[in-house]
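So this one's target-v6.cif, mmCIF, C-alpha atoms:
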```
data_upload
loop_
_atom_site.label_atom_id
_atom_site.label_comp_id
_atom_site.auth_asym_id
_atom_site.auth_seq_id
_atom_site.Cartn_x
_atom_site.Cartn_y
_atom_site.Cartn_z
CA MET A 1 136.17 91.68 80.50
CA SER A 2 136.49 95.23 79.24
CA SER A 3 135.62 98.16 81.48
CA PRO A 4 132.34 100.07 81.17
CA LEU A 5 132.06 102.68 78.48
CA THR A 6 133.91 105.91 79.01
CA SER A 7 132.71 107.79 75.92
CA ASP A 8 129.75 110.16 76.18
CA ALA A 9 128.59 109.34 72.64
CA ALA A 10 125.89 106.78 72.08
CA PRO A 11 127.14 103.59 70.41
CA HIS A 12 125.91 102.82 66.95
CA GLY A 13 125.25 99.40 65.55
CA PRO A 14 126.15 98.61 61.95
CA ILE A 15 124.23 100.58 59.34
CA VAL A 16 121.96 97.90 57.92
CA ILE A 17 119.47 98.57 55.17
CA ASP A 18 117.84 95.15 55.35
CA ARG A 19 117.48 94.25 59.03
CA GLN A 20 116.39 90.64 59.26
CA PHE A 21 118.09 89.29 62.39
CA ALA A 22 118.56 90.36 66.00
CA GLY A 23 122.25 90.93 65.31
CA ASP A 24 121.32 93.74 62.95
CA LEU A 25 120.05 95.67 66.00
CA LEU A 26 123.26 95.17 68.05
CA MET A 27 124.57 98.08 70.14
CA ALA A 28 128.03 97.45 71.58
CA VAL A 29 127.70 98.41 75.24
CA ASP A 30 130.33 97.36 77.79
CA PRO A 31 128.58 95.58 80.69
CA VAL A 32 129.18 95.73 84.40
CA THR A 33 129.74 92.81 86.76
CA PRO A 34 128.42 91.99 90.26
CA GLU A 35 131.62 93.56 91.59
CA HIS A 36 130.46 96.97 90.44
CA THR A 37 128.63 98.99 93.07
CA ASN A 38 125.48 101.01 92.66
CA GLU A 39 127.59 104.15 93.09
CA GLN A 40 129.63 103.15 90.02
CA VAL A 41 126.45 102.41 88.09
CA ALA A 42 125.15 105.90 88.93
CA GLU A 43 128.40 107.37 87.57
CA ILE A 44 128.05 105.37 84.34
CA PHE A 45 124.46 106.53 83.83
CA ALA A 46 125.57 110.13 84.54
CA ARG A 47 128.28 109.94 81.85
CA HIS A 48 126.07 108.26 79.27
CA ARG A 49 122.75 110.03 79.25
CA TRP A 50 121.60 108.11 76.15
CA MET A 51 121.90 104.79 78.03
CA GLN A 52 118.51 103.33 78.96
CA ASN A 53 119.78 100.07 80.38
CA LEU A 54 123.04 98.60 81.59
CA PRO A 55 123.77 94.89 81.14
CA VAL A 56 125.27 92.84 83.97
CA VAL A 57 127.39 89.79 83.21
CA HIS A 58 129.09 87.05 85.20
CA GLY A 59 132.18 86.02 83.35
CA ARG A 60 130.96 86.12 79.75
CA ARG A 61 127.38 85.15 80.45
CA PRO A 62 124.55 87.70 80.88
CA MET A 63 122.95 87.95 84.32
CA GLY A 64 120.48 90.78 83.95
CA LEU A 65 119.68 94.37 83.03
CA ILE A 66 119.61 97.54 85.13
CA ASN A 67 116.91 99.91 83.92
CA ARG A 68 118.01 103.55 84.14
CA ASN A 69 114.69 105.01 85.26
CA LEU A 70 114.00 102.27 87.80
CA PHE A 71 117.52 102.61 89.20
CA HIS A 72 117.24 106.37 89.69
CA ASN A 73 113.75 106.04 91.21
CA MET A 74 115.04 103.57 93.77
CA MET A 75 118.17 105.55 94.62
CA ALA A 76 116.08 108.71 95.07
CA LYS A 77 114.22 107.21 98.00
CA PRO A 78 115.20 108.37 101.51
CA TYR A 79 118.28 106.62 102.92
CA TYR A 80 118.67 104.39 99.82
CA PRO A 81 121.97 105.98 98.71
CA GLU A 82 123.43 105.46 102.18
CA LEU A 83 122.19 101.87 102.27
CA TYR A 84 122.95 100.76 98.70
CA ASN A 85 125.74 102.96 97.26
CA ARG A 86 128.49 100.50 98.16
CA GLN A 87 126.45 97.36 97.59
CA SER A 88 126.55 95.25 94.44
CA CYS A 89 124.67 96.57 91.43
CA ILE A 90 122.61 93.37 91.26
CA ALA A 91 120.38 94.85 93.99
CA PHE A 92 118.34 96.71 91.37
CA MET A 93 118.96 94.35 88.44
CA ASP A 94 116.19 92.63 86.50
CA LYS A 95 117.25 89.00 86.83
CA ASN A 96 115.04 87.79 83.98
CA PRO A 97 115.65 90.02 80.93
CA LEU A 98 114.94 89.07 77.34
CA VAL A 99 118.04 87.35 75.95
CA ALA A 100 118.28 86.48 72.25
CA GLU A 101 120.91 85.04 69.95
CA LEU A 102 122.27 87.28 67.20
CA THR A 103 120.83 84.90 64.62
CA THR A 104 117.25 85.20 65.91
CA PRO A 105 114.97 86.40 63.06
CA ILE A 106 113.33 89.77 63.61
CA ARG A 107 109.82 88.29 63.48
CA GLU A 108 110.70 85.68 66.13
CA LEU A 109 112.37 88.31 68.31
CA THR A 110 109.22 90.43 68.14
CA THR A 111 107.14 87.48 69.30
CA MET A 112 109.56 86.92 72.20
CA ALA A 113 109.35 90.58 73.19
CA VAL A 114 105.55 90.54 73.19
CA ARG A 115 105.51 87.43 75.38
CA MET A 116 107.88 89.04 77.89
CA GLY A 117 105.47 91.88 78.45
CA GLU A 118 105.76 95.63 79.01
CA LYS A 119 109.16 95.61 80.69
CA VAL A 120 110.90 94.77 77.40
CA PHE A 121 109.65 98.02 75.91
CA ALA A 122 111.41 99.92 78.72
CA ASP A 123 114.45 97.71 79.29
CA GLY A 124 115.30 96.49 75.81
CA PHE A 125 117.06 93.15 75.52
CA ILE A 126 120.44 91.43 75.67
CA LEU A 127 122.04 89.91 72.59
CA VAL A 128 124.38 86.93 72.81
CA GLU A 129 126.45 84.84 70.44
CA ASN A 130 126.32 81.18 71.39
CA GLY A 131 125.31 82.27 74.88
CA VAL A 132 128.18 84.75 75.25
CA TYR A 133 127.32 88.42 75.83
CA ALA A 134 127.59 90.48 72.62
CA GLY A 135 125.66 93.69 73.28
CA VAL A 136 122.18 95.09 73.78
CA GLY A 137 119.23 96.05 71.64
CA GLN A 138 116.49 98.62 71.98
CA THR A 139 112.82 97.78 71.50
CA LEU A 140 112.29 100.92 69.41
CA ASP A 141 114.87 99.65 66.92
CA LEU A 142 113.11 96.28 66.94
CA MET A 143 109.76 97.92 66.19
CA GLU A 144 111.30 99.91 63.34
CA ALA A 145 112.92 96.76 61.92
CA MET A 146 109.63 94.87 62.16
CA THR A 147 107.83 97.70 60.39
CA GLU A 148 110.47 97.68 57.65
CA LEU A 149 110.13 93.91 57.33
CA GLN A 150 106.35 94.11 57.01
CA GLU A 151 106.58 96.94 54.49
CA ARG A 152 109.15 95.02 52.46
CA GLN A 153 107.08 91.86 52.48
CA HIS A 154 103.95 93.85 51.60
CA ARG A 155 105.79 95.53 48.74
CA GLN A 156 107.09 92.19 47.46
CA LEU A 157 103.60 90.73 47.71
CA LEU A 158 102.11 93.62 45.74
CA GLU A 159 104.83 93.32 43.11
CA SER A 160 104.09 89.61 42.80
CA ILE A 161 100.35 90.23 42.52
CA HIS A 162 100.81 92.94 39.90
CA TYR A 163 103.03 90.64 37.89
CA ALA A 164 100.43 87.88 38.28
CA SER A 165 97.92 90.37 36.86
CA LEU A 166 100.03 90.62 33.70
CA ILE A 167 99.94 86.83 33.41
CA GLN A 168 96.19 86.65 33.97
CA THR A 169 95.57 89.43 31.44
CA ALA A 170 97.76 87.60 28.94
CA LEU A 171 95.72 84.41 29.44
CA LEU A 172 92.55 86.35 28.59
CA LYS A 173 94.05 87.94 25.48
CA PRO A 174 93.21 85.05 23.09
CA ALA A 175 89.54 85.26 24.09
CA ARG A 176 89.49 89.02 23.50
CA GLN A 177 91.17 88.59 20.11
CA ALA A 178 88.76 85.83 19.11
CA MET A 179 85.79 88.04 20.02
CA ALA A 180 87.22 90.99 18.11
CA GLY A 181 87.79 88.82 15.04
CA HIS A 182 84.47 87.03 15.10
CA LEU A 183 82.21 89.86 16.30
CA PRO A 184 83.88 93.10 15.21
CA GLY A 185 81.93 96.00 16.68
CA ARG A 186 79.33 93.61 18.11
CA HIS A 187 80.76 92.76 21.52
CA TRP A 188 82.09 94.36 24.66
CA VAL A 189 83.79 93.17 27.85
CA VAL A 190 83.94 94.77 31.29
CA TRP A 191 86.42 92.81 33.44
CA ARG A 192 87.43 94.33 36.78
CA PRO A 193 89.15 92.14 39.36
CA ARG A 194 88.47 93.35 42.88
CA ASP A 195 92.07 92.80 44.05
CA VAL A 196 94.28 93.30 40.95
CA VAL A 197 93.87 89.63 40.05
CA GLY A 198 90.58 87.82 40.38
CA GLY A 199 88.46 84.73 40.11
CA ASP A 200 86.43 85.71 37.03
CA PHE A 201 87.61 84.17 33.78
CA PHE A 202 86.13 84.15 30.29
CA HIS A 203 86.74 82.04 27.19
CA PHE A 204 85.66 82.49 23.58
CA VAL A 205 86.03 80.08 20.68
CA SER A 206 85.36 81.19 17.11
CA LEU A 207 83.82 78.38 15.04
CA GLU A 208 82.82 78.04 11.40
CA ASP A 209 79.11 78.04 12.20
CA GLY A 210 79.24 80.46 15.15
CA PHE A 211 80.96 80.61 18.51
CA LEU A 212 81.14 79.34 22.08
CA ALA A 213 81.31 81.90 24.90
CA VAL A 214 82.07 80.96 28.50
CA LEU A 215 82.17 82.99 31.71
CA MET A 216 83.41 81.35 34.91
CA ASP A 217 83.11 82.90 38.37
CA CYS A 218 85.50 80.93 40.57
CA THR A 219 85.54 80.68 44.35
CA GLY A 220 87.00 83.76 46.00
CA HIS A 221 88.84 86.69 44.52
CA GLY A 222 92.39 87.97 44.63
CA VAL A 223 95.15 85.37 44.57
CA PRO A 224 92.98 82.37 45.62
CA GLY A 225 90.43 83.23 42.96
CA ALA A 226 93.11 83.69 40.32
CA PHE A 227 94.62 80.33 41.21
CA MET A 228 91.21 78.71 40.81
CA THR A 229 90.87 80.23 37.32
CA LEU A 230 93.97 78.31 36.24
CA ILE A 231 92.43 75.06 37.47
CA ALA A 232 89.13 75.95 35.81
CA GLN A 233 90.74 76.89 32.51
CA ALA A 234 92.66 73.62 32.40
CA ALA A 235 89.46 71.69 33.18
CA LEU A 236 87.63 73.55 30.38
CA GLU A 237 90.36 72.79 27.86
CA ARG A 238 90.20 69.07 28.72
CA ALA A 239 86.39 69.12 28.54
CA LEU A 240 86.49 70.76 25.09
CA ALA A 241 88.99 68.18 23.87
CA GLU A 242 86.68 65.39 25.06
CA HIS A 243 83.23 66.73 24.15
CA GLY A 244 83.74 69.41 21.53
CA HIS A 245 81.97 72.78 21.48
CA ASP A 246 78.33 71.92 20.83
CA ASP A 247 77.09 70.63 24.21
CA PRO A 248 77.49 73.21 27.05
CA ALA A 249 75.80 70.91 29.58
CA ALA A 250 78.27 68.11 28.85
CA LEU A 251 81.15 70.56 29.24
CA LEU A 252 79.93 71.59 32.70
CA ALA A 253 79.59 67.96 33.75
CA ALA A 254 83.09 67.14 32.54
CA MET A 255 84.54 70.16 34.32
CA ASN A 256 82.74 69.17 37.51
CA ARG A 257 84.35 65.72 37.51
CA ASP A 258 87.75 67.16 36.62
CA ILE A 259 87.81 69.85 39.33
CA LYS A 260 86.49 67.52 42.03
CA HIS A 261 89.27 65.08 41.19
CA THR A 262 91.96 67.77 40.96
CA LEU A 263 91.07 69.20 44.37
CA ASN A 264 90.31 65.79 45.93
CA GLN A 265 86.75 66.91 46.55
CA HIS A 266 85.31 63.62 45.36
CA GLN A 267 85.93 62.03 48.78
CA THR A 268 84.24 62.71 52.10
CA GLY A 269 84.99 61.83 55.69
CA ALA A 270 83.04 59.62 58.03
CA ALA A 271 79.26 59.84 57.68
CA GLY A 272 79.69 62.24 54.78
CA GLU A 273 81.32 64.94 56.91
CA ILE A 274 83.61 67.41 55.15
CA PRO A 275 87.00 67.77 56.89
CA LEU A 276 87.55 71.42 57.79
CA GLU A 277 91.13 71.40 56.56
CA GLU A 278 90.17 70.36 53.03
CA SER A 279 88.95 72.64 50.26
CA ASP A 280 85.42 73.16 49.07
CA ASP A 281 86.06 75.18 45.95
CA GLY A 282 84.58 75.40 42.51
CA LEU A 283 82.87 77.85 40.20
CA ASP A 284 79.65 79.19 38.79
CA ALA A 285 79.52 79.32 35.02
CA VAL A 286 77.47 80.30 32.01
CA MET A 287 78.09 78.77 28.56
CA LEU A 288 76.53 80.01 25.35
CA ARG A 289 76.80 78.20 22.01
CA VAL A 290 75.45 80.24 19.08
CA ARG A 291 74.90 79.21 15.44
CA PRO A 292 73.68 82.39 13.72
CA ARG A 293 73.32 80.82 10.25
CA ALA A 294 71.19 78.01 11.65
CA GLY A 295 69.32 80.56 13.77
CA GLN A 296 69.92 78.63 16.99
CA TRP A 297 71.50 79.13 20.39
CA THR A 298 72.14 76.74 23.27
CA PHE A 299 72.77 77.77 26.86
CA ALA A 300 73.72 75.94 30.05
CA GLY A 301 74.38 77.57 33.40
CA ALA A 302 75.75 76.50 36.76
CA ARG A 303 74.14 78.92 39.25
CA SER A 304 74.62 81.70 36.68
CA PRO A 305 71.97 83.25 34.43
CA LEU A 306 72.14 84.34 30.82
CA LEU A 307 70.55 87.70 30.07
CA ARG A 308 68.87 87.88 26.65
CA ILE A 309 67.58 91.12 25.17
CA PRO A 310 65.54 90.71 21.96
CA PRO A 311 65.86 93.13 19.06
CA ALA A 312 64.41 96.59 19.54
CA GLN A 313 60.62 96.59 20.03
CA ALA A 314 60.61 92.75 20.11
CA GLY A 315 60.18 92.15 23.82
CA ALA A 316 61.49 92.70 27.33
CA PRO A 317 64.79 91.47 28.78
CA GLU A 318 64.76 87.81 29.75
CA TYR A 319 66.90 86.06 32.34
CA LEU A 320 67.51 82.42 31.49
CA ARG A 321 68.15 80.60 34.75
CA GLY A 322 70.99 78.14 35.14
CA ASP A 323 70.87 74.95 37.18
CA ARG A 324 71.29 75.25 40.95
CA HIS A 325 74.44 73.15 41.15
CA GLY A 326 77.86 74.81 41.14
CA VAL A 327 80.78 73.12 39.38
CA GLY A 328 83.34 71.17 41.39
CA TYR A 329 82.08 71.84 44.90
CA ARG A 330 81.92 69.06 47.49
CA ASP A 331 78.11 69.17 47.66
CA THR A 332 77.83 68.82 43.87
CA PRO A 333 77.56 65.08 43.11
CA HIS A 334 80.22 63.60 40.88
CA ASP A 335 77.64 62.53 38.29
CA THR A 336 75.66 65.79 38.21
CA ARG A 337 74.07 66.60 34.85
CA TRP A 338 73.25 70.08 33.68
CA GLN A 339 70.48 71.04 31.29
CA ASN A 340 70.82 72.64 27.89
CA HIS A 341 68.35 75.39 27.01
CA HIS A 342 67.67 76.14 23.34
CA GLY A 343 66.27 79.08 21.44
CA SER A 344 66.05 80.76 18.06
CA CYS A 345 68.49 83.49 17.05
CA LEU A 346 67.02 86.77 15.86
CA PRO A 347 68.94 89.47 13.95
CA GLY A 348 70.13 92.15 16.38
CA GLU A 349 69.46 90.00 19.43
CA ARG A 350 71.94 90.52 22.26
CA PHE A 351 73.20 88.20 25.01
CA TYR A 352 74.96 89.16 28.23
CA LEU A 353 77.11 86.92 30.39
CA VAL A 354 77.37 88.37 33.89
CA SER A 355 79.13 87.44 37.13
CA ASP A 356 77.45 88.01 40.49
CA GLY A 357 79.93 90.80 41.27
CA VAL A 358 77.80 93.07 39.06
CA ILE A 359 74.45 91.99 40.45
CA ASP A 360 75.51 92.00 44.12
CA GLN A 361 77.36 95.32 44.11
CA ILE A 362 76.08 97.60 46.87
CA GLY A 363 75.31 101.24 46.07
CA GLY A 364 72.67 103.90 45.60
CA GLU A 365 70.98 105.97 48.28
CA LYS A 366 69.57 102.90 50.04
CA ARG A 367 72.88 100.96 49.84
CA ILE A 368 71.28 97.90 48.26
CA ALA A 369 72.46 95.55 45.51
CA PHE A 370 72.52 96.68 41.88
CA GLY A 371 70.36 93.66 41.11
CA LYS A 372 69.21 91.80 38.03
CA LYS A 373 66.24 94.07 37.41
CA ARG A 374 68.34 97.26 37.38
CA LEU A 375 70.93 95.61 35.12
CA GLY A 376 68.27 94.46 32.65
CA GLN A 377 66.66 97.89 32.66
CA CYS A 378 70.00 99.62 32.05
CA LEU A 379 70.82 97.39 29.07
CA GLN A 380 67.28 97.58 27.69
CA GLU A 381 67.29 101.40 27.78
CA THR A 382 70.58 101.48 25.84
CA ARG A 383 69.46 98.73 23.46
CA HIS A 384 69.23 101.15 20.52
CA LEU A 385 72.92 102.12 20.82
CA ASP A 386 75.81 100.34 19.18
CA MET A 387 77.84 98.03 21.40
CA GLU A 388 80.65 100.48 22.11
CA ALA A 389 78.21 103.17 23.18
CA GLN A 390 76.20 100.70 25.26
CA GLU A 391 79.33 99.64 27.15
CA LYS A 392 80.06 103.28 27.92
CA GLY A 393 76.49 103.81 29.08
CA PHE A 394 76.59 100.78 31.37
CA CYS A 395 79.93 101.78 32.91
CA GLU A 396 78.66 105.28 33.66
CA THR A 397 75.43 103.98 35.21
CA PHE A 398 77.18 101.32 37.26
CA SER A 399 79.91 103.67 38.47
CA MET A 400 77.35 106.28 39.48
CA TYR A 401 75.32 103.66 41.36
CA GLN A 402 78.36 102.22 43.13
CA GLY A 403 79.54 105.65 44.23
CA PRO A 404 82.07 105.49 47.10
CA GLU A 405 81.23 101.88 47.95
CA ALA A 406 84.11 99.43 47.61
CA ALA A 407 83.76 96.60 45.12
CA ARG A 408 82.39 93.51 46.85
CA ASP A 409 83.60 91.01 44.28
CA ASP A 410 85.19 90.67 40.87
CA ILE A 411 83.07 92.31 38.18
CA THR A 412 82.58 90.87 34.70
CA LEU A 413 79.93 91.64 32.09
CA ILE A 414 80.20 90.49 28.47
CA GLY A 415 77.86 91.73 25.77
CA LEU A 416 77.49 89.76 22.50
CA GLU A 417 75.45 90.45 19.38
CA PRO A 418 75.69 87.32 17.20
CA SER A 419 74.23 88.91 14.06
CA ALA A 420 73.99 92.52 13.01
CA PRO A 421 70.60 94.27 13.13
CA SER A 422 68.93 95.34 9.93
CA GLY A 423 68.77 99.08 10.69
CA PRO A 424 71.34 101.71 11.71
CA GLN A 425 72.02 102.39 15.41
CA GLU A 426 72.73 105.55 17.31
CA ARG A 427 75.82 106.41 19.30
CA LEU A 428 75.83 107.64 22.86
CA THR A 429 76.52 111.35 23.03
#
```
So, in terms of structure tokens, how does the structure I just supplied come out?
Amino acid sequence: MSSPLTSDAAPHGPIVIDRQFAGDLLMAVDPVTPEHTNEQVAEIFARHRWMQNLPVVHGRRPMGLINRNLFHNMMAKPYYPELYNRQSCIAFMDKNPLVAELTTPIRELTTMAVRMGEKVFADGFILVENGVYAGVGQTLDLMEAMTELQERQHRQLLESIHYASLIQTALLKPARQAMAGHLPGRHWVVWRPRDVVGGDFFHFVSLEDGFLAVLMDCTGHGVPGAFMTLIAQAALERALAEHGHDDPAALLAAMNRDIKHTLNQHQTGAAGEIPLEESDDGLDAVMLRVRPRAGQWTFAGARSPLLRIPPAQAGAPEYLRGDRHGVGYRDTPHDTRWQNHHGSCLPGERFYLVSDGVIDQIGGEKRIAFGKKRLGQCLQETRHLDMEAQEKGFCETFSMYQGPEAARDDITLIGLEPSAPSGPQERLT
């Protein structure tokens, strides 16, 4: 066993940029043994003013830690120096210090320190290699390493989410391109995920006699919501391959069966109970099939409305209600059928597909939801503008209403004008 430190300088562990294990916090401090007296310990502490604790070993195995402050407080009591100076240093030793292997992960070591209680924050801890004394560690270094670990993991998570955003944006690109090609100057899209990526997803198919537009609002937002959009998109693609583009209600029913099967939500526990550990996820959706030449439109909704605004001076905004069943959820029966709603297309008529993130957004002086009525009024008042100007007008109104309030959910609003109006329109100035 080597003798206690003789240098006045504080020991330094290895310079580690990425501290992941207890060994990365190692400070090489020579320990004392039970043969050392309290007088010798006092001399060691006097020489090494940086030293907060002094390890005690028996042979090569750690026995305990002597806390500097506690030691001096005890030896400052009347008659204690006379009584204890020549006695073994174990008199003031903590016999139950925190001892950790060099290979202990930083996160696990932090948990161990918290369980040991306050004394670890004053005493630090002993590090061993296969049970053999190796050195000591300071709790401040552990806290710094844990902070670095959390920051690194947070940074990696953000980088992953931002990259996932690129993927999600790329998946939406074909729908944007199809809209731009089929409805040039007669559409607009506001898509704002609450947490970089989100659970709102839209789809657009250009057809010879018109188009099919779909907006899906999946369970959750952020990463869970984005993951659900992948499941929903795959279910939609399979439904389109099976049923074509002309029956929105049939598409919703097919997606419902597909998602319930994919997420194993077609089974229940005893007496119909839903096991807490299993998912109950799905989506709300609005599907709009338009045939401008035939002058017809067909709509089906799963807990989502379709907002229709007739041509200027032809009527007030109209919300077409969807069915009350969501798609894929456990409480939605496997054989649920949705209803198709039909109507006649008018030149200059506009349709809006909206997620509940727009309607439910809190704001204004009274801090209440934006609401369907306010949305319809905003779009009706800008009805005379072209689509680009109307989008700008909506964004300004919505942003002003939201104010400093954080977004509550993903926000999506899609405006579509299947056929051009007969007269010229004004631009927002």
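Take atom CA of Leu263 of chain A and atom CA of Asp281 of chain A: the distance between them is 8.0 Å.
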Residues near Ala134 of chain A, anyone? I mean within 12 Å using all atoms listed in the file, not counting same-chain ones fewer than 5 positions away, as a VMD selection string.
chain A and resid 1 13 22 to 31 55 to 57 60 to 62 99 to 103 125 to 129
message: Here is a test: counting all atoms listed in the file, which residue of A:Ser165, A:Gln339, A:Asn96, A:Gln377 is nearest to Arg192 of chain A?
response: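 Of A:Ser165, A:Gln339, A:Asn96, A:Gln377, the one nearest Arg192 of chain A, counting all atoms listed in the file, is A:Ser165.
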Name the residues that the PyMOL selection byres ((chain A and resi 167-174) around 10) pulls out of this structure, and write them as a PyMOL selection string.
chain A and resi 161-166+175-180+191+196-198+201-205+226-227+229-230+233
### Hits of the PyMOL selection byres ((chain A and resi 35) around 10) in this structure, as a PyMOL selection string
chain A and resi 32-34+36-38+40+56+58+87-90
**Prompt:** atom CA of Val358 of chain A and atom CA of Gly371 of chain A, how far apart in Å?
**Reply:**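 Those two atoms sit 7.7 Å apart.
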* Which residue of A:Leu379, A:Met387, A:Ala239, A:Met75 approaches Asn256 of chain A most closely, using only C-alpha atoms ->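 Selected residue with least distance to Asn256 of chain A: A:Ala239.
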